[in-house]
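Engineer: There's a structure below that I have some questions on.
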Amino acid sequence: MGLENHFWKGKSVFITGHTGFKGSWLALWLSSLGANVHGYSLTAPTNPNLFSLIGVEPLLTSHTIGDVRDYENLSKKLKQSQAEVVFHMAAQPLVRRSYADPIETYSTNVMGTVNVLESVRHSESVKAVVNITTDKCYENQEWVWAYRENEPMGGYDPYSNSKGCSELVTSAYRNSFFLKQGVRLASARAGNVIGGGDWSEDRLVPDILASILNQKIVKIRNPNAIRPWQHVLEPLSGYLCLAEKLYKDDDQKYSSGWNFGPKEDDAKPVSWIVDRLTKQMGKKDAWEVDESPKLHEANYLKLDCSKAKHHLNWEPRWSLSNAIEKIAEWYEAYQKNADMREICLKQISEYQTTKG
């Protein structure tokens with residue numbers, strides 16, 4: 001995977017969006033590797049939420065409830081942290097919500113990125129930055145082959161478009177400021193992330209599990225839509241690997257955009273995920289098509305991860321079937337009131353010892 005666990009011991013790391021689903025997993029993983037983790041985020045977006053459930057806050061060196069749109073506060077907290085590595089994950093991450101509130105979506109995802117990078121520009125400690133965007137940043141042509149990192153940015157809906165804008169902001173800051181300053185800046189474009197501890201609205205796995213727990217039929221908007229599904233630990237391992245390479249890189253050869261997606265045959269339709277997960281949870285044939293009016297969503301989307309495989313020595317470790325098993329295992333433990341921090345750490349350890 002190219003990830004050296006000892007690298008993170010004692011490193012000061014600043015994460016925006018650390019109270020979210022992916023942010024909580026990343027903060028826990030970095031803490032377990034011995035990093036000094038500083039978090040800056042809004043409060044956890046759901047109740048229940050992974051951040052509280054696994055007790056992330058006591059593991060942090062500092063924990064700030066703040067908005068990335070608040071430049072003064074963000075810049076102050078970054079300077080105080082003396083962070084060497086920044087992971088920018090804070091975002092308005094939902095397509096359907098972006099239709100309801102495009103101003104919030106653009107202000108958070110575009111100006112939030114500007115504020116983070118401007119804060120880094122005035123920091124003397126930061127050496128490496130990873131801006132986490134999305135696979136949806138590409139101009140989607142609905143074609144059958146996978147997108148490469150040199151494809152045009154685009155985005156039909158406000159969320160996807162705002163992430164394309166975030167990519168353009170990243171490129172501008174890299175070329176205008178960071179190449180001269182010696183700060184290494186990359187962007188990471190991951191697929192549709194699934195895993196234990198996600199209670200976000202309008203997300204497939206949380207919707208499936210909520211319906212199962214409430215003994216209701218699962219309703220699916222686009223059963224034939226194909227997405228690059230991956231367990232949450234897959235892209236996080238890519239982010240960690242990329243950040244290490246950036247930190248050690250003197251000639252900026254890693255300062256660019258990177259795809260982190262599943263193997264090609266794991267880009268499956270929504271119906272496949274629903275069938276497997278409902279069966280895994282003992283609820284076979286428990287879904288139907290949602291016939292209510294639909295907003296535009298992409299039907300076909302895959303990522304080409306050849307660049308990460310060849311230059312970062314990164315590739316997916318868990319098949320989609322394995323990911324489904326891990327999700328079912330996680331939620332079964334949750335229903336039994338298990339120590340969920342230990343369950344997460346166990347899955348992180350299992351992931352790290354699995355060969356790609």
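The way I read the labels, and the way they are meant: chains A, B, ... in the order of the structure tokens, residue 1 as the first residue of every chain, and ligand 1 as the first ligand shown, with later ones counted on from there.
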Please identify the strand (DSSP E or B) residues within stretch 230-314 of chain A (assignment by DSSP from backbone atoms) and present them as a list in words.

Structural biologist: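 Those in stretch 230-314 of chain A that DSSP calls strand (DSSP E or B) are Gln230, His231, Gly257, Trp258, Asn259, Phe260, Ala267, Lys268, Pro269, Trp287, Glu288, Val289, Tyr300 and Leu303 of chain A.
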
Engineer: Write out as a list in words the residues lying within 9 Å of A:Lys245, counting only C-alpha atoms and excluding same-chain residues fewer than 2 positions away.

Structural biologist: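 Once the nearby chain positions are removed, what remains is Gly2, Ala128, Leu240, Cys241, Leu242, Ala243, Tyr247, Lys248, Asp249, Tyr254 and Leu312 of chain A.
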
Engineer: As a PDB file with N, CA, C and O atoms, in the first residue's frame, please: the residues near stretch 171-176 of chain A (cut-off 10 Å, only C-alpha atoms, same-chain neighbours under 5 positions excluded).

Structural biologist:
ATOM      1  N   VAL A 114     -10.852  27.781  -0.348  1.00  0.00           N
ATOM      2  CA  VAL A 114     -10.009  28.986  -0.431  1.00  0.00           C
ATOM      3  C   VAL A 114      -9.483  29.360   0.965  1.00  0.00           C
ATOM      4  O   VAL A 114      -8.286  29.647   1.135  1.00  0.00           O
ATOM      5  N   LEU A 117      -6.728  26.913   2.134  1.00  0.00           N
ATOM      6  CA  LEU A 117      -5.463  27.096   1.423  1.00  0.00           C
ATOM      7  C   LEU A 117      -4.827  28.446   1.728  1.00  0.00           C
ATOM      8  O   LEU A 117      -3.596  28.558   1.802  1.00  0.00           O
ATOM      9  N   GLU A 118      -5.653  29.466   1.946  1.00  0.00           N
ATOM     10  CA  GLU A 118      -5.114  30.772   2.335  1.00  0.00           C
ATOM     11  C   GLU A 118      -4.508  30.690   3.737  1.00  0.00           C
ATOM     12  O   GLU A 118      -3.458  31.299   4.012  1.00  0.00           O
ATOM     13  N   ARG A 121      -1.234  29.110   3.339  1.00  0.00           N
ATOM     14  CA  ARG A 121      -0.284  30.057   2.726  1.00  0.00           C
ATOM     15  C   ARG A 121       0.385  30.940   3.765  1.00  0.00           C
ATOM     16  O   ARG A 121       1.551  31.348   3.608  1.00  0.00           O
ATOM     17  N   CYS A 165     -15.060  23.042  -8.854  1.00  0.00           N
ATOM     18  CA  CYS A 165     -14.504  24.370  -8.550  1.00  0.00           C
ATOM     19  C   CYS A 165     -13.390  24.267  -7.511  1.00  0.00           C
ATOM     20  O   CYS A 165     -12.358  24.947  -7.610  1.00  0.00           O
ATOM     21  N   SER A 166     -13.591  23.430  -6.493  1.00  0.00           N
ATOM     22  CA  SER A 166     -12.575  23.230  -5.459  1.00  0.00           C
ATOM     23  C   SER A 166     -11.278  22.701  -6.067  1.00  0.00           C
ATOM     24  O   SER A 166     -10.172  23.076  -5.647  1.00  0.00           O
ATOM     25  N   GLN A 181       6.550  28.473  -2.470  1.00  0.00           N
ATOM     26  CA  GLN A 181       6.750  28.337  -1.033  1.00  0.00           C
ATOM     27  C   GLN A 181       7.317  26.978  -0.626  1.00  0.00           C
ATOM     28  O   GLN A 181       7.813  26.820   0.494  1.00  0.00           O
ATOM     29  N   GLY A 182       7.217  26.005  -1.522  1.00  0.00           N
ATOM     30  CA  GLY A 182       7.680  24.669  -1.172  1.00  0.00           C
ATOM     31  C   GLY A 182       6.638  23.832  -0.458  1.00  0.00           C
ATOM     32  O   GLY A 182       6.950  22.758   0.064  1.00  0.00           O
ATOM     33  N   VAL A 183       5.389  24.309  -0.411  1.00  0.00           N
ATOM     34  CA  VAL A 183       4.295  23.529   0.161  1.00  0.00           C
ATOM     35  C   VAL A 183       3.780  22.577  -0.916  1.00  0.00           C
ATOM     36  O   VAL A 183       3.535  22.988  -2.052  1.00  0.00           O
ATOM     37  N   ARG A 184       3.614  21.321  -0.577  1.00  0.00           N
ATOM     38  CA  ARG A 184       3.141  20.329  -1.537  1.00  0.00           C
ATOM     39  C   ARG A 184       1.640  20.140  -1.369  1.00  0.00           C
ATOM     40  O   ARG A 184       1.168  19.802  -0.275  1.00  0.00           O
ATOM     41  N   LEU A 185       0.905  20.354  -2.453  1.00  0.00           N
ATOM     42  CA  LEU A 185      -0.565  20.339  -2.418  1.00  0.00           C
ATOM     43  C   LEU A 185      -1.109  19.377  -3.467  1.00  0.00           C
ATOM     44  O   LEU A 185      -0.795  19.500  -4.651  1.00  0.00           O
ATOM     45  N   ALA A 186      -1.943  18.444  -3.024  1.00  0.00           N
ATOM     46  CA  ALA A 186      -2.579  17.486  -3.933  1.00  0.00           C
ATOM     47  C   ALA A 186      -4.068  17.423  -3.638  1.00  0.00           C
ATOM     48  O   ALA A 186      -4.526  17.821  -2.563  1.00  0.00           O
ATOM     49  N   SER A 187      -4.825  16.918  -4.607  1.00  0.00           N
ATOM     50  CA  SER A 187      -6.246  16.662  -4.384  1.00  0.00           C
ATOM     51  C   SER A 187      -6.502  15.166  -4.536  1.00  0.00           C
ATOM     52  O   SER A 187      -5.802  14.480  -5.281  1.00  0.00           O
ATOM     53  N   GLN A 252       8.002  18.239  -6.004  1.00  0.00           N
ATOM     54  CA  GLN A 252       6.582  18.462  -6.298  1.00  0.00           C
ATOM     55  C   GLN A 252       6.000  17.449  -7.293  1.00  0.00           C
ATOM     56  O   GLN A 252       4.960  17.704  -7.902  1.00  0.00           O
ATOM     57  N   SER A 255       2.395  16.512  -6.408  1.00  0.00           N
ATOM     58  CA  SER A 255       1.462  17.629  -6.216  1.00  0.00           C
ATOM     59  C   SER A 255       0.527  17.757  -7.415  1.00  0.00           C
ATOM     60  O   SER A 255       0.753  18.548  -8.338  1.00  0.00           O
ATOM     61  N   SER A 256      -0.540  16.957  -7.384  1.00  0.00           N
ATOM     62  CA  SER A 256      -1.496  16.924  -8.495  1.00  0.00           C
ATOM     63  C   SER A 256      -2.763  16.220  -8.017  1.00  0.00           C
ATOM     64  O   SER A 256      -2.928  15.964  -6.825  1.00  0.00           O
ATOM     65  N   GLY A 257      -3.667  15.911  -8.926  1.00  0.00           N
ATOM     66  CA  GLY A 257      -4.882  15.208  -8.577  1.00  0.00           C
ATOM     67  C   GLY A 257      -4.694  13.702  -8.636  1.00  0.00           C
ATOM     68  O   GLY A 257      -3.947  13.186  -9.474  1.00  0.00           O
TER      69      GLY A 257
END

Engineer: For stretch 341-356 of chain A, work out the shell of residues within 7 Å, counting only C-alpha atoms and skipping chain neighbours fewer than 2 positions away, then give it as a list in words.

Structural biologist: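 Using only C-alpha atoms, the neighbours found are Ile54, Glu315, Pro316, Arg317, Trp330 and Asp339 of chain A.
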
Engineer: Which residues come within 8 Å of stretch 34-42 of chain A, counting only C-alpha atoms, excluding same-chain residues fewer than 3 positions away, as a PyMOL selection string?

Structural biologist: chain A and resi 8-19+27+30-31+45+59-68+74+77+81+83+90

Engineer: Apply DSSP to the backbone of this structure and, from stretch 128-258 of chain A, keep only the residues in helix (DSSP H, G or I); write these as JSON, numbers by chain.

Structural biologist: {"A": [135, 136, 137, 158, 159, 160, 161, 162, 163, 164, 165, 166, 167, 168, 169, 170, 171, 172, 173, 174, 175, 176, 177, 178, 179, 180, 181, 204, 205, 206, 207, 208, 209, 210, 211, 212, 213, 233, 234, 235, 236, 237, 238, 239, 240, 241, 242, 243, 244, 245, 246, 247, 248]}

Engineer: When you look at A:Lys309 with a cut-off of 10 Å (counting only C-alpha atoms), what residues show up, excluding the ones that are within fewer than 2 positions of it in the same chain? I need them as a ChimeraX atom specification.

Structural biologist: /A:1-2,238,259-260,304-307,311-316

Engineer: Hey, can you spit out that residue selection with C-alpha atoms as a JSON list (two decimals), in the first residue's frame?

Structural biologist:
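Resulting contents of part34.json:
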[["chain", "number", "residue", "atom", "x", "y", "z"],
["A", 1, "MET", "CA", 0.00, 0.00, 0.00],
["A", 2, "GLY", "CA", 3.00, 2.32, 0.42],
["A", 238, "GLY", "CA", -4.81, 6.44, -0.18],
["A", 259, "ASN", "CA", -8.04, 8.96, -8.03],
["A", 260, "PHE", "CA", -8.70, 6.43, -5.27],
["A", 304, "ASP", "CA", -9.16, 4.85, -13.31],
["A", 305, "CYS", "CA", -6.65, 4.44, -10.46],
["A", 306, "SER", "CA", -3.62, 3.44, -12.55],
["A", 307, "LYS", "CA", -1.75, 6.57, -11.49],
["A", 311, "HIS", "CA", 3.30, 6.05, -8.50],
["A", 312, "LEU", "CA", 2.05, 5.57, -4.92],
["A", 313, "ASN", "CA", 2.12, 1.77, -4.80],
["A", 314, "TRP", "CA", -1.52, 1.98, -3.69],
["A", 315, "GLU", "CA", -4.35, -0.30, -4.73],
["A", 316, "PRO", "CA", -7.61, -1.51, -3.18]]

Engineer: Using only C-alpha atoms, which of the listed residues (A:Tyr156, A:Phe87, A:Phe21, A:Trp318) sits closest to A:Asn131?

Structural biologist: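 Answer, going by the shortest atom-to-atom distance: A:Phe87.
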
Engineer: What's around A:Ile220 at 7 Å? Count only C-alpha atoms, leave out sequence neighbours fewer than 3 positions away in its own chain, and write the answer as a PDB file with all heavy atoms, in the first residue's frame.

Structural biologist:
ATOM      1  N   PRO A 223     -31.864   2.129  -9.070  1.00  0.00           N
ATOM      2  CA  PRO A 223     -31.273   0.795  -8.872  1.00  0.00           C
ATOM      3  C   PRO A 223     -30.232   0.408  -9.908  1.00  0.00           C
ATOM      4  O   PRO A 223     -29.366  -0.426  -9.634  1.00  0.00           O
ATOM      5  CB  PRO A 223     -32.482  -0.147  -8.927  1.00  0.00           C
ATOM      6  CG  PRO A 223     -33.547   0.617  -9.645  1.00  0.00           C
ATOM      7  CD  PRO A 223     -33.329   2.052  -9.300  1.00  0.00           C
ATOM      8  N   GLU A 288     -37.613  -1.986  -2.969  1.00  0.00           N
ATOM      9  CA  GLU A 288     -38.437  -1.682  -4.129  1.00  0.00           C
ATOM     10  C   GLU A 288     -38.005  -0.329  -4.677  1.00  0.00           C
ATOM     11  O   GLU A 288     -37.331   0.455  -3.996  1.00  0.00           O
ATOM     12  CB  GLU A 288     -39.923  -1.652  -3.761  1.00  0.00           C
ATOM     13  CG  GLU A 288     -40.298  -0.568  -2.768  1.00  0.00           C
ATOM     14  CD  GLU A 288     -41.768  -0.633  -2.355  1.00  0.00           C
ATOM     15  OE1 GLU A 288     -42.367  -1.695  -2.506  1.00  0.00           O
ATOM     16  OE2 GLU A 288     -42.271   0.393  -1.863  1.00  0.00           O
ATOM     17  N   VAL A 289     -38.370  -0.040  -5.913  1.00  0.00           N
ATOM     18  CA  VAL A 289     -37.992   1.228  -6.551  1.00  0.00           C
ATOM     19  C   VAL A 289     -38.845   2.357  -5.995  1.00  0.00           C
ATOM     20  O   VAL A 289     -40.065   2.251  -5.865  1.00  0.00           O
ATOM     21  CB  VAL A 289     -38.161   1.144  -8.081  1.00  0.00           C
ATOM     22  CG1 VAL A 289     -37.856   2.495  -8.729  1.00  0.00           C
ATOM     23  CG2 VAL A 289     -37.257   0.065  -8.656  1.00  0.00           C
ATOM     24  N   ASP A 290     -38.167   3.466  -5.640  1.00  0.00           N
ATOM     25  CA  ASP A 290     -38.857   4.673  -5.186  1.00  0.00           C
ATOM     26  C   ASP A 290     -39.375   5.423  -6.416  1.00  0.00           C
ATOM     27  O   ASP A 290     -38.589   5.894  -7.241  1.00  0.00           O
ATOM     28  CB  ASP A 290     -37.875   5.542  -4.389  1.00  0.00           C
ATOM     29  CG  ASP A 290     -38.525   6.776  -3.787  1.00  0.00           C
ATOM     30  OD1 ASP A 290     -39.709   7.032  -4.095  1.00  0.00           O
ATOM     31  OD2 ASP A 290     -37.855   7.481  -3.019  1.00  0.00           O
TER      32      ASP A 290
END

Engineer: Smallest atom-to-atom distance to A:Asn150: which of A:Trp229, A:Phe177, A:Trp258, A:Tyr239, using only C-alpha atoms?

Structural biologist: A:Trp258
